[in-house]
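Novice: Have a look at the structure that comes next, please.
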Amino acid sequence: MPHKYGSTELPVALLENDGEPAIEAAGDPLLGVLADYAKTVIEFYAKDAWNQVQPQKPIVRTVILDDPEEAFNEATLPALFVFRPQRETREAIEAFEQIADDYRYLKNRIAVHWIFDPLEASQRKVRDSMMDAVRKALDFAINNGRDPSWKVPSDLDNTLPTYDPKAANFGSSLTGHSGADTIKVEHASPGHFVRKMLPPAKSKKYNELKMSIAVEERSIQDLTVISEPQNTLRATYQSPDQGTGLGPITLGEEIYD
């Protein structure tokens, strides 16, 4: 098997997507899994309430694995943006932790932004209650790790090795499919996304719910590639003259004459 860091396989393979390399999907599949989970949860818990506000539009029209500052398009709204923040101080949002020689974590954050069109002033209370409902639904489902609304088909087939007996009643495992060890909502805040325009046009504000998701991804090494042969032992040894050394020892081999 390849080395893995969370859900990212090393070396990273480029996938073809309409002739373009889809490094986004190949190199960071966690984003796609989290985005699909979030979209499903939002639709399951808040779609009926949303239909009373804007029945002509889905609650999530588009899922975009990018920063809205880079990929915003009014025609895609309401949109769910899921991405790894790039413009914050990297040291503040990422940290590596070495637990043991072969046990290493990357602790970082993923941003989830739900952006939709401005509502009439008379609908301000409705807007606020919608954001609160979506915020609570995502917090509940993400921190729970499973939700009955999100079921991966392969988890439901008991003839497959991926069969998960919990999936039918409780939903599929978010951490299991994302490759992360932990995924927890850190904070969430409603506000506005401002699309800056060149003068004389005026900037335009859109409703936005911003969430920060804390993620821990573990490095899993392919021991068949990096380990010593099966009949070797890495150990500290001492020679008859009290010298010491550290290295691989082939079992059954005479170290000293």
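Order determines the names: the first chain of the structure tokens is A, the second B, and so forth; residues in each chain are numbered 1 upward, and ligands are numbered 1 upward as they are shown.
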Ile59 (chain A): which residues within 7 Å, counting only C-alpha atoms, same-chain residues fewer than 6 positions away excluded, as a PyMOL selection string?

Specialist: chain A and resi 43+47+50+78

Novice: Kindly save the residues from that selection, with C-alpha atoms included, as a compact mmCIF listing (two decimals), in the first residue's frame.

Specialist:
# COMPACT_ATOMS: atom_id res chain seq x y z
CA GLU A 43 -30.25 19.70 3.03
CA LYS A 47 -34.16 22.38 3.41
CA TRP A 50 -35.36 27.17 3.47
CA PRO A 78 -26.33 29.48 -2.66

Novice: Leaving out Thr76 (chain A) and any residue of its chain fewer than 5 positions from it, which residues lie within 9 Å of it when counting only C-alpha atoms, given as a list in words?

Specialist: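 Counting only the stated atoms, we get Arg61, Thr62 and Val63 of chain A.
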
Novice: By how many Å are CA of Lys57 (chain A) and CA of Leu77 (chain A) apart?

Specialist: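 About the pair CA of Lys57 (chain A) and CA of Leu77 (chain A): they are 8.7 Å apart.
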
Novice: Any idea what the distance is between CA of Ile110 (chain A) and CA of Asp48 (chain A)?

Specialist: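 Straight-line distance from CA of Ile110 (chain A) to CA of Asp48 (chain A) works out to 27.4 Å.
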
Novice: Considering only C-alpha atoms, tabulate each residue of region 172-221 of chain A that lies at most 12 Å from region 161-167 of chain A along with its nearest interatomic pair and the corresponding distance in Å to one decimal; arrange the rows by chain and ascending residue number and present them as JSON lines.

Specialist:
{"residue": "A:Ser172", "atom": "CA", "partner": "A:Ala167", "partner_atom": "CA", "distance": 4.7}
{"residue": "A:Ser173", "atom": "CA", "partner": "A:Ala167", "partner_atom": "CA", "distance": 7.5}
{"residue": "A:Leu174", "atom": "CA", "partner": "A:Ala167", "partner_atom": "CA", "distance": 10.8}
{"residue": "A:Gly176", "atom": "CA", "partner": "A:Asp164", "partner_atom": "CA", "distance": 10.2}
{"residue": "A:His177", "atom": "CA", "partner": "A:Thr162", "partner_atom": "CA", "distance": 10.4}

Novice: Keeping only N, CA and C atoms, write those residues as a PDB file, in the first residue's frame.

Specialist:
ATOM      1  N   SER A 172     -22.881   6.725   7.799  1.00  0.00           N
ATOM      2  CA  SER A 172     -21.480   6.346   7.603  1.00  0.00           C
ATOM      3  C   SER A 172     -20.556   7.216   8.454  1.00  0.00           C
ATOM      4  N   SER A 173     -19.357   6.696   8.680  1.00  0.00           N
ATOM      5  CA  SER A 173     -18.390   7.392   9.526  1.00  0.00           C
ATOM      6  C   SER A 173     -17.687   8.502   8.746  1.00  0.00           C
ATOM      7  N   LEU A 174     -17.773   9.730   9.255  1.00  0.00           N
ATOM      8  CA  LEU A 174     -17.095  10.850   8.608  1.00  0.00           C
ATOM      9  C   LEU A 174     -15.582  10.693   8.686  1.00  0.00           C
ATOM     10  N   GLY A 176     -13.964   7.909   9.149  1.00  0.00           N
ATOM     11  CA  GLY A 176     -13.574   6.712   8.404  1.00  0.00           C
ATOM     12  C   GLY A 176     -13.396   6.982   6.926  1.00  0.00           C
ATOM     13  N   HIS A 177     -14.249   7.794   6.339  1.00  0.00           N
ATOM     14  CA  HIS A 177     -14.174   8.064   4.898  1.00  0.00           C
ATOM     15  C   HIS A 177     -13.273   9.247   4.562  1.00  0.00           C
TER      16      HIS A 177
END

Novice: Select from region 29-86 of chain A everything DSSP, run on the backbone, classes as strand (DSSP E or B), then give the selection as a list of chain:residue names.

Specialist: A:Thr62, A:Val63, A:Ile64, A:Ala79, A:Leu80, A:Phe81, A:Val82, A:Phe83

Novice: Those residues you just picked out, can you put them in a file as a CSV table (one decimal), in the first residue's frame with C-alpha atoms?

Specialist:
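Wrote again_20.csv, looks like this:
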chain,number,residue,atom,x,y,z
A,62,THR,CA,-23.1,24.5,-5.8
A,63,VAL,CA,-20.2,23.0,-3.8
A,64,ILE,CA,-16.8,24.6,-4.4
A,79,ALA,CA,-22.9,27.9,-2.5
A,80,LEU,CA,-20.9,25.9,0.0
A,81,PHE,CA,-17.2,26.7,0.0
A,82,VAL,CA,-14.9,24.1,1.7
A,83,PHE,CA,-11.2,24.8,1.7

Novice: Please determine, counting only C-alpha atoms, which residue among A:Ser212, A:Thr175, A:Gln86, A:Asn143 has the shortest atom-to-atom distance to Val33 (chain A).

Specialist: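 When distances to Val33 (chain A) are compared using only C-alpha atoms, the smallest one comes from A:Thr175.
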
Novice: Using DSSP on the backbone coordinates, identify the residues of region 143-199 of chain A assigned to alpha helix (DSSP H); present them as an MDAnalysis selection string.

Specialist: chainID A and resid 143:144 167:170 174:178

Novice: I'd like the interatomic distance between CA of Ala180 (chain A) and CA of Glu216 (chain A), to a tenth of an Å.

Specialist: 5.8 Å
